[in-house]
$ cat input.tsv   # TSV, C-alpha atoms
chain	number	residue	atom	x	y	z
J	1	MET	CA	-6.35	-3.25	21.36
J	2	GLY	CA	-5.09	-4.07	17.88
J	3	ALA	CA	-4.73	-7.49	16.28
J	4	PHE	CA	-0.98	-7.50	16.98
J	5	LYS	CA	-1.81	-8.12	20.63
J	6	SER	CA	-5.28	-9.66	20.41
J	7	GLY	CA	-4.90	-11.82	17.30
J	8	ILE	CA	-8.43	-10.74	16.32
J	9	TYR	CA	-9.07	-9.30	12.84
J	10	ARG	CA	-12.38	-7.62	12.07
J	11	ASN	CA	-14.52	-9.05	9.31
J	12	ILE	CA	-16.77	-6.14	8.37
J	13	PHE	CA	-18.41	-8.13	5.59
J	14	LYS	CA	-19.83	-10.41	8.28
J	15	GLU	CA	-20.84	-7.35	10.29
J	16	ILE	CA	-23.00	-6.21	7.36
J	17	GLY	CA	-24.57	-9.66	7.00
J	18	LYS	CA	-22.45	-11.55	4.46
J	19	THR	CA	-21.91	-15.26	5.13
J	20	ASP	CA	-18.55	-17.01	5.33
J	21	LYS	CA	-19.34	-18.87	2.11
J	22	GLU	CA	-20.28	-15.70	0.25
J	23	ILE	CA	-17.04	-14.04	1.34
J	24	GLU	CA	-14.87	-17.07	0.55
J	25	ASP	CA	-16.43	-17.60	-2.88
J	26	ARG	CA	-16.09	-13.94	-3.77
J	27	LEU	CA	-12.42	-13.88	-2.74
J	28	LYS	CA	-11.66	-16.97	-4.85
J	29	GLU	CA	-13.32	-15.33	-7.84
J	30	ILE	CA	-11.34	-12.10	-7.38
J	31	VAL	CA	-8.01	-13.91	-7.05
J	32	LYS	CA	-8.72	-16.10	-10.08
J	33	THR	CA	-9.53	-13.03	-12.21
J	34	PHE	CA	-6.57	-10.95	-11.00
J	35	PHE	CA	-3.95	-13.68	-11.31
J	36	TYR	CA	-5.16	-16.13	-13.92
J	37	ASP	CA	-7.99	-14.88	-16.16
J	38	GLU	CA	-6.55	-14.78	-19.67
J	39	LYS	CA	-8.18	-11.45	-20.49
J	40	GLU	CA	-8.29	-9.58	-17.18
J	41	ARG	CA	-5.26	-10.77	-15.23
J	42	ILE	CA	-2.51	-8.47	-13.98
J	43	TYR	CA	-0.06	-11.25	-13.10
J	44	HIS	CA	1.94	-13.03	-15.81
J	45	GLU	CA	4.35	-15.94	-15.56
J	46	ALA	CA	7.79	-15.58	-17.16
J	47	PRO	CA	10.58	-18.05	-18.00
J	48	ASP	CA	13.00	-19.36	-15.36
J	49	LYS	CA	10.33	-19.58	-12.66
J	50	MET	CA	9.66	-15.85	-12.65
J	51	GLY	CA	6.56	-13.70	-12.89
J	52	TYR	CA	5.54	-10.05	-12.91
J	53	LEU	CA	2.58	-7.75	-12.49
J	54	THR	CA	2.01	-5.27	-15.27
J	55	ASP	CA	0.68	-1.75	-15.08
J	56	THR	CA	-1.92	-2.13	-17.79
J	57	GLY	CA	-2.19	1.62	-18.31
J	58	ASN	CA	1.52	2.05	-19.00
J	59	ASN	CA	2.54	-1.44	-20.13
J	60	ASP	CA	5.38	-1.74	-17.64
J	61	ALA	CA	6.21	-3.48	-14.38
J	62	ARG	CA	6.60	-1.23	-11.35
J	63	THR	CA	8.00	-1.80	-7.88
J	64	GLU	CA	4.63	-0.60	-6.59
J	65	GLY	CA	2.78	-3.45	-8.31
J	66	MET	CA	5.49	-6.06	-7.81
J	67	SER	CA	5.68	-5.46	-4.07
J	68	TYR	CA	1.88	-5.30	-3.86
J	69	GLY	CA	1.72	-8.64	-5.65
J	70	MET	CA	4.11	-10.17	-3.13
J	71	MET	CA	2.02	-8.87	-0.23
J	72	MET	CA	-1.14	-10.30	-1.81
J	73	CYS	CA	0.55	-13.67	-2.32
J	74	VAL	CA	1.83	-14.00	1.23
J	75	GLN	CA	-1.61	-13.08	2.59
J	76	LEU	CA	-3.23	-15.66	0.26
J	77	ASN	CA	-0.60	-18.37	0.92
J	78	MET	CA	0.50	-18.38	-2.74
J	79	LYS	CA	4.18	-19.20	-2.28
J	80	GLU	CA	4.97	-20.19	-5.87
J	81	GLU	CA	3.65	-16.89	-7.24
J	82	PHE	CA	5.41	-14.96	-4.46
J	83	ASP	CA	8.76	-16.53	-5.31
J	84	ARG	CA	8.28	-15.93	-9.02
J	85	ILE	CA	7.55	-12.23	-8.49
J	86	TRP	CA	10.44	-11.81	-6.08
J	87	LYS	CA	12.89	-13.56	-8.44
J	88	TRP	CA	11.79	-11.28	-11.32
J	89	ALA	CA	12.25	-8.19	-9.14
J	90	LYS	CA	15.71	-9.26	-7.97
J	91	THR	CA	16.75	-10.28	-11.49
J	92	TYR	CA	15.61	-7.21	-13.39
J	93	MET	CA	14.78	-4.40	-10.97
J	94	TYR	CA	17.48	-4.67	-8.32
J	95	MET	CA	20.44	-2.32	-8.81
J	96	GLU	CA	23.89	-3.70	-8.02
J	97	ASP	CA	25.91	-0.51	-8.40
J	98	GLY	CA	25.73	3.26	-8.72
J	99	GLU	CA	23.98	5.85	-6.59
J	100	ASN	CA	20.94	3.62	-6.17
J	101	GLU	CA	22.78	0.38	-5.44
J	102	GLY	CA	20.71	-1.70	-3.02
J	103	TYR	CA	17.41	-0.28	-4.28
J	104	PHE	CA	15.02	-1.36	-7.04
J	105	ALA	CA	14.41	0.48	-10.32
J	106	TRP	CA	10.83	1.68	-10.06
J	107	SER	CA	9.86	0.86	-13.68
J	108	CYS	CA	10.90	-1.85	-16.12
J	109	GLN	CA	9.60	-3.03	-19.45
J	110	THR	CA	7.89	-6.40	-19.25
J	111	ASP	CA	10.98	-8.03	-20.80
J	112	GLY	CA	12.99	-6.79	-17.81
J	113	THR	CA	14.70	-3.80	-19.46
J	114	LYS	CA	14.92	-0.92	-16.99
J	115	ASN	CA	12.96	2.21	-17.91
J	116	ALA	CA	14.57	4.17	-15.07
J	117	TYR	CA	17.38	3.85	-12.56
J	118	GLY	CA	15.67	5.54	-9.65
J	119	PRO	CA	13.62	3.89	-6.87
J	120	ALA	CA	10.17	4.65	-5.45
J	121	PRO	CA	10.17	4.13	-1.66
J	122	ASP	CA	6.64	2.70	-1.46
J	123	GLY	CA	7.95	-0.31	-3.35
J	124	GLU	CA	10.82	-0.86	-0.94
J	125	GLU	CA	8.48	-0.64	2.06
J	126	PHE	CA	6.15	-3.30	0.68
J	127	PHE	CA	9.01	-5.52	-0.49
J	128	ALA	CA	10.48	-5.53	3.02
J	129	MET	CA	7.19	-6.18	4.79
J	130	ALA	CA	6.14	-8.94	2.40
J	131	LEU	CA	9.54	-10.62	2.81
J	132	PHE	CA	9.30	-10.61	6.60
J	133	PHE	CA	5.83	-12.12	6.41
J	134	ALA	CA	7.06	-14.77	3.96
J	135	SER	CA	9.87	-15.68	6.34
J	136	HIS	CA	7.44	-16.12	9.20
J	137	ARG	CA	4.76	-17.93	7.21
J	138	TRP	CA	6.89	-20.26	5.08
J	139	GLY	CA	10.38	-20.16	6.57
J	140	ASP	CA	13.59	-18.86	5.02
J	141	GLY	CA	15.14	-20.58	2.03
J	142	GLU	CA	18.52	-20.12	0.41
J	143	GLY	CA	20.00	-17.28	-1.61
J	144	ILE	CA	17.45	-14.64	-2.50
J	145	PHE	CA	14.80	-16.76	-0.81
J	146	GLU	CA	16.34	-16.19	2.60
J	147	TYR	CA	13.49	-13.75	3.01
J	148	SER	CA	14.33	-12.27	6.40
J	149	ARG	CA	17.92	-11.44	5.45
J	150	GLU	CA	16.74	-9.84	2.21
J	151	ALA	CA	14.25	-7.70	4.14
J	152	LYS	CA	16.80	-6.58	6.72
J	153	ASP	CA	19.42	-5.79	4.10
J	154	LEU	CA	16.90	-3.73	2.14
J	155	LEU	CA	15.93	-1.71	5.22
J	156	ARG	CA	19.59	-1.22	6.05
J	157	ALA	CA	20.09	0.33	2.62
J	158	CYS	CA	17.02	2.54	3.12
J	159	LEU	CA	18.47	3.96	6.35
J	160	HIS	CA	22.24	3.89	5.80
J	161	LYS	CA	22.98	4.77	2.18
J	162	GLY	CA	25.65	7.45	2.11
J	163	GLU	CA	27.42	6.14	5.21
J	164	ASN	CA	30.89	4.55	5.39
J	165	GLY	CA	31.62	5.20	1.73
J	166	ARG	CA	28.43	3.57	0.48
J	167	PRO	CA	27.07	5.72	-2.37
J	168	GLY	CA	23.59	7.17	-2.49
J	169	THR	CA	20.97	8.68	-0.24
J	170	THR	CA	18.54	7.30	2.33
J	171	MET	CA	14.81	6.80	1.78
J	172	TRP	CA	13.96	8.34	5.15
J	173	ASN	CA	14.85	11.77	6.42
J	174	LYS	CA	17.08	10.76	9.31
J	175	GLU	CA	16.31	13.93	11.28
J	176	ASN	CA	12.51	13.99	11.17
J	177	HIS	CA	11.96	10.22	10.62
J	178	GLN	CA	9.68	10.78	7.61
J	179	ILE	CA	9.80	8.67	4.48
J	180	LEU	CA	10.73	10.64	1.37
J	181	PHE	CA	9.03	10.81	-1.99
J	182	VAL	CA	12.34	9.67	-3.50
J	183	PRO	CA	15.76	9.43	-1.85
J	184	GLY	CA	17.05	12.90	-1.10
J	185	SER	CA	13.82	14.76	-1.87
J	186	PRO	CA	12.78	17.66	0.40
J	187	PHE	CA	9.17	16.46	0.66
J	188	THR	CA	7.13	13.34	1.30
J	189	ASP	CA	4.02	11.51	0.08
J	190	PRO	CA	1.34	10.97	2.77
J	191	SER	CA	0.31	7.66	1.22
J	192	TYR	CA	3.86	6.35	1.74
J	193	HIS	CA	3.48	6.69	5.53
J	194	LEU	CA	2.90	3.16	6.86
J	195	PRO	CA	3.20	3.27	10.67
J	196	HIS	CA	1.82	-0.28	10.96
J	197	PHE	CA	4.78	-1.51	8.90
J	198	TYR	CA	7.28	0.53	10.90
J	199	GLU	CA	6.03	-0.99	14.17
J	200	LEU	CA	6.95	-4.40	12.81
J	201	PHE	CA	10.22	-3.21	11.29
J	202	SER	CA	11.11	-2.00	14.80
J	203	LEU	CA	10.89	-5.63	15.94
J	204	TRP	CA	12.42	-7.44	12.97
J	205	ALA	CA	14.97	-5.13	11.30
J	206	TYR	CA	18.66	-5.28	12.23
J	207	GLU	CA	19.10	-4.34	15.88
J	208	GLU	CA	20.70	-0.97	15.13
J	209	ASP	CA	17.70	0.11	13.01
J	210	ARG	CA	14.88	-0.80	15.35
J	211	GLU	CA	14.80	2.37	17.43
J	212	PHE	CA	14.56	4.49	14.28
J	213	PHE	CA	11.54	2.59	13.00
J	214	LYS	CA	9.79	2.74	16.36
J	215	LYS	CA	10.14	6.51	16.28
J	216	ALA	CA	9.07	6.59	12.62
J	217	ALA	CA	5.81	4.83	13.49
J	218	ASP	CA	4.94	7.50	16.06
J	219	VAL	CA	6.00	10.31	13.73
J	220	SER	CA	3.95	8.97	10.82
J	221	ARG	CA	0.75	8.66	12.84
J	222	LYS	CA	1.09	12.25	13.99
J	223	TYR	CA	2.02	13.32	10.49
J	224	LEU	CA	-1.08	11.72	8.97
J	225	ALA	CA	-3.26	13.55	11.46
J	226	LYS	CA	-1.76	16.83	10.20
J	227	ALA	CA	-1.61	15.97	6.50
J	228	CYS	CA	-5.31	15.06	6.25
J	229	HIS	CA	-7.67	18.06	6.19
J	230	PRO	CA	-9.51	18.60	9.51
J	231	VAL	CA	-12.92	18.80	7.78
J	232	THR	CA	-12.72	16.72	4.59
J	233	GLY	CA	-10.06	14.20	5.64
J	234	LEU	CA	-8.44	14.57	2.22
J	235	SER	CA	-4.66	14.52	1.80
J	236	SER	CA	-2.54	15.62	-1.13
J	237	GLU	CA	-0.44	13.34	-3.30
J	238	TYR	CA	2.80	15.07	-2.31
J	239	ALA	CA	3.17	17.11	0.86
J	240	ASN	CA	5.71	19.06	2.86
J	241	PHE	CA	7.11	17.72	6.10
J	242	ASP	CA	4.64	19.91	8.03
J	243	GLY	CA	1.73	18.15	6.34
J	244	PHE	CA	0.67	20.99	4.04
J	245	PRO	CA	0.23	20.10	0.34
J	246	LEU	CA	3.21	20.60	-1.92
J	247	ASP	CA	1.79	23.63	-3.68
J	248	GLU	CA	4.21	23.96	-6.58
J	249	GLU	CA	4.48	22.80	-10.15
J	250	LEU	CA	7.13	20.11	-10.58
J	251	PRO	CA	8.77	19.21	-13.90
J	252	TRP	CA	6.42	16.21	-14.16
J	253	GLY	CA	3.26	18.00	-13.00
J	254	TYR	CA	1.28	19.33	-10.04
J	255	TYR	CA	0.62	16.94	-7.15
J	256	GLY	CA	-0.81	19.12	-4.41
J	257	ASN	CA	-4.39	17.85	-4.75
J	258	PHE	CA	-6.33	14.79	-3.62
J	259	PHE	CA	-5.68	12.47	-6.55
J	260	SER	CA	-4.54	8.92	-7.31
J	261	ASP	CA	-1.60	8.43	-4.89
J	262	ALA	CA	-3.56	10.04	-2.07
J	263	TYR	CA	-6.38	7.49	-2.17
J	264	ARG	CA	-4.16	4.98	-0.37
J	265	THR	CA	-3.90	7.12	2.76
J	266	ALA	CA	-7.34	6.13	4.08
J	267	ALA	CA	-6.65	2.46	3.36
J	268	ASN	CA	-3.34	2.59	5.24
J	269	ILE	CA	-5.00	4.23	8.24
J	270	GLY	CA	-7.62	1.47	8.20
J	271	ILE	CA	-5.03	-1.30	8.39
J	272	ASP	CA	-3.12	0.51	11.12
J	273	ALA	CA	-6.36	0.70	13.12
J	274	VAL	CA	-6.81	-3.08	12.85
J	275	TRP	CA	-3.22	-4.09	13.48
J	276	PHE	CA	-2.31	-1.68	16.28
J	277	GLY	CA	-5.13	0.77	17.04
J	278	ASP	CA	-2.84	3.54	18.29
J	279	ASP	CA	-4.57	6.86	17.67
J	280	GLU	CA	-2.69	10.14	17.27
J	281	GLY	CA	-5.68	11.80	15.63
J	282	GLN	CA	-5.38	9.94	12.32
J	283	LEU	CA	-8.06	7.33	12.95
J	284	SER	CA	-10.87	9.85	12.45
J	285	VAL	CA	-9.71	10.63	8.89
J	286	PRO	CA	-11.62	7.95	6.91
J	287	LEU	CA	-14.95	8.85	8.53
J	288	ARG	CA	-14.42	12.50	7.62
J	289	MET	CA	-13.81	11.41	4.04
J	290	MET	CA	-16.99	9.33	4.00
J	291	GLN	CA	-18.95	12.27	5.32
J	292	PHE	CA	-17.37	14.60	2.77
J	293	PHE	CA	-18.28	12.41	-0.20
J	294	GLY	CA	-21.68	11.71	1.35
J	295	THR	CA	-24.17	9.35	-0.25
J	296	ASP	CA	-23.49	10.29	-3.86
J	297	LEU	CA	-20.79	8.19	-5.49
J	298	GLU	CA	-20.66	10.69	-8.34
J	299	ALA	CA	-18.91	13.05	-5.90
J	300	GLY	CA	-15.89	10.80	-6.31
J	301	ARG	CA	-15.61	11.39	-10.05
J	302	CYS	CA	-13.59	14.60	-9.96
J	303	THR	CA	-10.38	15.79	-8.32
J	304	TYR	CA	-10.38	17.99	-5.22
J	305	LYS	CA	-8.13	20.31	-3.37
J	306	VAL	CA	-7.69	19.00	0.16
J	307	ASP	CA	-10.22	21.56	1.48
J	308	GLY	CA	-12.87	20.03	-0.78
J	309	THR	CA	-12.78	22.57	-3.60
J	310	PRO	CA	-13.52	20.72	-6.87
J	311	VAL	CA	-10.90	20.77	-9.62
J	312	GLU	CA	-11.86	20.33	-13.26
J	313	LYS	CA	-10.05	17.04	-13.66
J	314	CYS	CA	-11.68	13.61	-13.74
J	315	VAL	CA	-10.36	10.82	-11.57
J	316	LEU	CA	-8.41	8.05	-13.28
J	317	HIS	CA	-9.22	5.38	-10.69
J	318	PRO	CA	-12.79	5.58	-9.36
J	319	VAL	CA	-12.81	1.93	-8.27
J	320	GLY	CA	-9.59	2.44	-6.35
J	321	LEU	CA	-11.06	5.47	-4.62
J	322	LEU	CA	-14.15	3.52	-3.57
J	323	ALA	CA	-12.03	0.59	-2.38
J	324	THR	CA	-9.72	2.67	-0.22
J	325	ILE	CA	-12.48	4.68	1.43
J	326	ALA	CA	-14.33	1.44	2.15
J	327	GLN	CA	-11.15	-0.01	3.69
J	328	GLY	CA	-11.03	3.05	5.90
J	329	ALA	CA	-14.26	1.79	7.48
J	330	LEU	CA	-12.02	-0.40	9.64
J	331	THR	CA	-11.52	2.68	11.83
J	332	VAL	CA	-15.25	2.92	12.63
J	333	THR	CA	-16.68	0.64	15.30
J	334	TYR	CA	-20.26	0.32	16.48
J	335	SER	CA	-21.56	2.01	19.60
J	336	GLU	CA	-25.03	3.29	20.45
J	337	GLU	CA	-23.72	6.85	20.73
J	338	LYS	CA	-22.12	6.65	17.30
J	339	ASP	CA	-24.62	4.47	15.46
J	340	SER	CA	-24.94	7.03	12.65
J	341	ASP	CA	-21.18	6.88	12.03
J	342	PHE	CA	-21.29	3.11	11.78
J	343	GLU	CA	-24.22	3.31	9.35
J	344	ILE	CA	-22.16	5.57	7.09
J	345	ALA	CA	-19.26	3.11	7.21
J	346	LYS	CA	-21.58	0.18	6.45
J	347	LYS	CA	-22.93	2.03	3.43
J	348	TRP	CA	-19.43	2.40	1.95
J	349	VAL	CA	-18.64	-1.26	2.62
J	350	ASN	CA	-21.88	-2.28	0.90
J	351	TRP	CA	-21.05	-0.08	-2.08
J	352	PHE	CA	-17.67	-1.76	-2.31
J	353	TRP	CA	-19.15	-5.25	-2.01
J	354	ASN	CA	-21.44	-4.50	-4.95
J	355	GLN	CA	-18.59	-3.10	-7.07
J	356	PRO	CA	-16.90	-5.63	-9.39
J	357	LEU	CA	-13.25	-5.54	-10.32
J	358	ARG	CA	-12.44	-2.93	-12.92
J	359	LYS	CA	-11.97	-4.01	-16.52
J	360	GLY	CA	-10.03	-2.39	-19.31
J	361	VAL	CA	-6.77	-0.53	-19.74
J	362	ARG	CA	-6.73	1.28	-16.40
J	363	ARG	CA	-7.58	-1.76	-14.24
J	364	TYR	CA	-4.12	-2.33	-12.71
J	365	TYR	CA	-4.06	0.29	-9.92
J	366	ASP	CA	-7.77	0.03	-9.16
J	367	ASN	CA	-7.71	-3.74	-8.85
J	368	CYS	CA	-4.58	-3.79	-6.68
J	369	LEU	CA	-6.33	-1.47	-4.24
J	370	TYR	CA	-9.50	-3.55	-4.63
J	371	ILE	CA	-7.81	-6.79	-3.55
J	372	PHE	CA	-6.19	-5.15	-0.54
J	373	ALA	CA	-9.55	-3.70	0.50
J	374	PHE	CA	-11.29	-7.07	0.14
J	375	LEU	CA	-8.59	-8.82	2.16
J	376	ALA	CA	-8.73	-6.15	4.85
J	377	LEU	CA	-12.51	-5.96	5.14
J	378	SER	CA	-12.79	-9.77	5.32
J	379	GLY	CA	-10.19	-10.07	8.09
J	380	ASN	CA	-7.60	-11.62	5.76
J	381	TYR	CA	-4.96	-8.89	5.68
J	382	ARG	CA	-2.89	-10.10	8.59
J	383	ILE	CA	0.38	-9.86	10.45
J	384	TRP	CA	2.48	-12.95	9.86

$ encode --input "input.tsv" --output "structure tokens"
Amino acid sequence: MGAFKSGIYRNIFKEIGKTDKEIEDRLKEIVKTFFYDEKERIYHEAPDKMGYLTDTGNNDARTEGMSYGMMMCVQLNMKEEFDRIWKWAKTYMYMEDGENEGYFAWSCQTDGTKNAYGPAPDGEEFFAMALFFASHRWGDGEGIFEYSREAKDLLRACLHKGENGRPGTTMWNKENHQILFVPGSPFTDPSYHLPHFYELFSLWAYEEDREFFKKAADVSRKYLAKACHPVTGLSSEYANFDGFPLDEELPWGYYGNFFSDAYRTAANIGIDAVWFGDDEGQLSVPLRMMQFFGTDLEAGRCTYKVDGTPVEKCVLHPVGLLATIAQGALTVTYSEEKDSDFEIAKKWVNWFWNQPLRKGVRRYYDNCLYIFAFLALSGNYRIW
């Protein structure tokens, strides 16, 4: 039974012997560094009660990071920062007209100038979920701070663009219920599949959209079971609708291997295990990954094909990889018959506990994944 029904959230840090005070103090330190440390922070305040998260490797603000920041803030009860980030996103990223009206530009300069006029669906998913949680935790306000209406309107755009004269294309394939890499694309991204979000969208979206999201949750769980390799557990960054890696060179590169985007898949499966616990074969994925990488963290320093064949390319985000695999430990529970599995999971959680936040130019993506993993493993990544 998942936390949606039981209200119980696992705290694996306590399971490996950490005290409440140790966990609380560590979380405070992480949040202070990420949001407020003058040298290491990702979050920045802006005029007119706004704020943004910056991708330190590319010196821009992305819907990925902005929506992640909102989810962090609602989990941490940081309403002022949440509202600042949301106001910045609506002011600078939201598109009022054109093919992508109703969506958010995936990248902006830190002064708000748009770098692109296309959306990235993982941002829209997290925006919607964070807004629903804000509505339930703090109550709806006025205008753009009527969180629940904003969430429902965003999901309506994601499912109904192109209908009744509205320009543009949906973010989900309406026939197979899979989220798309970008609107209209003929392939998906396994790390975009968030069945635990879709379960909640099926309760809180506009009435006419709920059945679609309920089906999408089931489809995504089954999809993840197919998209993750049966031995290694690895998934590709981009994949076809049948789960096989997108094995072709795109104008912006090759994305058929286990690389940066794909790290999030294990983390997402871990949260789904805690919130709902419905298993369509996907819940065994993180353990397979832990077994594949074994006891040598150096194994996580290069890129792999999903079958485990090494590729001569170094990872960009080793801390993010460690964090997401550790978050996947939420799928592994103790039993006498499977004590060895639990010991493997504990080892990854201990490695993560002993890993500090990343510093330097590439810290943005790693530290976003780090905070989510810490919240999840401490029982603080919750349904609101």

$ residues_near_point --input "input.tsv" --point "(9.7, -11.2, 5.7)" --cutoff "9 Å" --atoms "all atoms listed in the file" --output "CSV table (one decimal) with C-alpha atoms, keeping the file's coordinate frame"
chain,number,residue,atom,x,y,z
J,127,PHE,CA,9.0,-5.5,-0.5
J,128,ALA,CA,10.5,-5.5,3.0
J,129,MET,CA,7.2,-6.2,4.8
J,130,ALA,CA,6.1,-8.9,2.4
J,131,LEU,CA,9.5,-10.6,2.8
J,132,PHE,CA,9.3,-10.6,6.6
J,133,PHE,CA,5.8,-12.1,6.4
J,134,ALA,CA,7.1,-14.8,4.0
J,135,SER,CA,9.9,-15.7,6.3
J,136,HIS,CA,7.4,-16.1,9.2
J,137,ARG,CA,4.8,-17.9,7.2
J,140,ASP,CA,13.6,-18.9,5.0
J,146,GLU,CA,16.3,-16.2,2.6
J,147,TYR,CA,13.5,-13.8,3.0
J,148,SER,CA,14.3,-12.3,6.4
J,149,ARG,CA,17.9,-11.4,5.4
J,150,GLU,CA,16.7,-9.8,2.2
J,151,ALA,CA,14.2,-7.7,4.1
J,152,LYS,CA,16.8,-6.6,6.7
J,204,TRP,CA,12.4,-7.4,13.0
J,384,TRP,CA,2.5,-13.0,9.9

$ closest_residue --input "input.tsv" --among "J:Gly17, J:Gly281, J:Gly165, J:Pro195" --to "Glu125 (chain J)" --atoms "only C-alpha atoms"
J:Pro195

$ closest_residue --input "input.tsv" --among "J:Thr19, J:Asn176, J:Arg41, J:Phe276" --to "Ser378 (chain J)" --atoms "only C-alpha atoms"
J:Thr19

$ residues_around --input "input.tsv" --residues "region 211-223 of chain J" --least-positions-apart "6" --cutoff "6 Å" --atoms "only C-alpha atoms" --output "ChimeraX atom specification"
/J:177,193,195,198-199,202,280

$ residues_around --input "input.tsv" --residues "region 253-256 of chain J" --least-positions-apart "5" --cutoff "12 Å" --atoms "only C-alpha atoms" --output "number ranges by chain"
J: 181, 187-190, 227, 234-240, 243-248, 261-262, 303-307, 311

$ atom_distance --input "input.tsv" --atom1 "CA of Gly118 (chain J)" --atom2 "CA of Glu207 (chain J)"
27.6 Å

$ atom_distance --input "input.tsv" --atom1 "CA of Ala157 (chain J)" --atom2 "CA of Trp172 (chain J)"
10.4 Å

$ residues_around --input "input.tsv" --residues "Lys90 (chain J)" --least-positions-apart "6" --cutoff "10 Å" --atoms "only C-alpha atoms" --output "compact mmCIF listing (two decimals) with C-alpha atoms, in the coordinates of the input"
# COMPACT_ATOMS: atom_id res chain seq x y z
CA GLU J 96 23.89 -3.70 -8.02
CA TYR J 103 17.41 -0.28 -4.28
CA PHE J 104 15.02 -1.36 -7.04
CA ILE J 144 17.45 -14.64 -2.50

$ build_atoms --input "input.tsv" --residues "region 266-271 of chain J" --atoms "all heavy atoms" --output "short mmCIF file (atom, residue, chain, number, x, y, z; two decimals), in the frame of the given file"
data_model
loop_
_atom_site.label_atom_id
_atom_site.label_comp_id
_atom_site.auth_asym_id
_atom_site.auth_seq_id
_atom_site.Cartn_x
_atom_site.Cartn_y
_atom_site.Cartn_z
N ALA J 266 -6.24 6.64 3.26
CA ALA J 266 -7.34 6.13 4.08
C ALA J 266 -7.22 4.63 4.30
O ALA J 266 -7.47 4.12 5.40
CB ALA J 266 -8.68 6.47 3.44
N ALA J 267 -6.81 3.91 3.25
CA ALA J 267 -6.65 2.46 3.36
C ALA J 267 -5.55 2.11 4.37
O ALA J 267 -5.71 1.20 5.19
CB ALA J 267 -6.32 1.87 2.00
N ASN J 268 -4.44 2.85 4.31
CA ASN J 268 -3.34 2.59 5.24
C ASN J 268 -3.76 2.85 6.68
O ASN J 268 -3.40 2.09 7.60
CB ASN J 268 -2.16 3.48 4.89
CG ASN J 268 -1.58 3.17 3.51
OD1 ASN J 268 -1.72 2.06 3.01
ND2 ASN J 268 -0.92 4.15 2.90
N ILE J 269 -4.52 3.92 6.89
CA ILE J 269 -5.00 4.23 8.24
C ILE J 269 -5.93 3.12 8.73
O ILE J 269 -5.90 2.74 9.91
CB ILE J 269 -5.70 5.60 8.25
CG1 ILE J 269 -4.67 6.71 8.01
CG2 ILE J 269 -6.43 5.83 9.56
CD1 ILE J 269 -5.28 8.09 7.81
N GLY J 270 -6.73 2.56 7.82
CA GLY J 270 -7.62 1.47 8.20
C GLY J 270 -6.88 0.25 8.69
O GLY J 270 -7.24 -0.36 9.71
N ILE J 271 -5.82 -0.13 7.98
CA ILE J 271 -5.03 -1.30 8.39
C ILE J 271 -4.31 -1.04 9.71
O ILE J 271 -4.23 -1.91 10.58
CB ILE J 271 -4.03 -1.70 7.29
CG1 ILE J 271 -4.76 -2.39 6.14
CG2 ILE J 271 -2.96 -2.63 7.81
CD1 ILE J 271 -5.34 -3.75 6.51
#
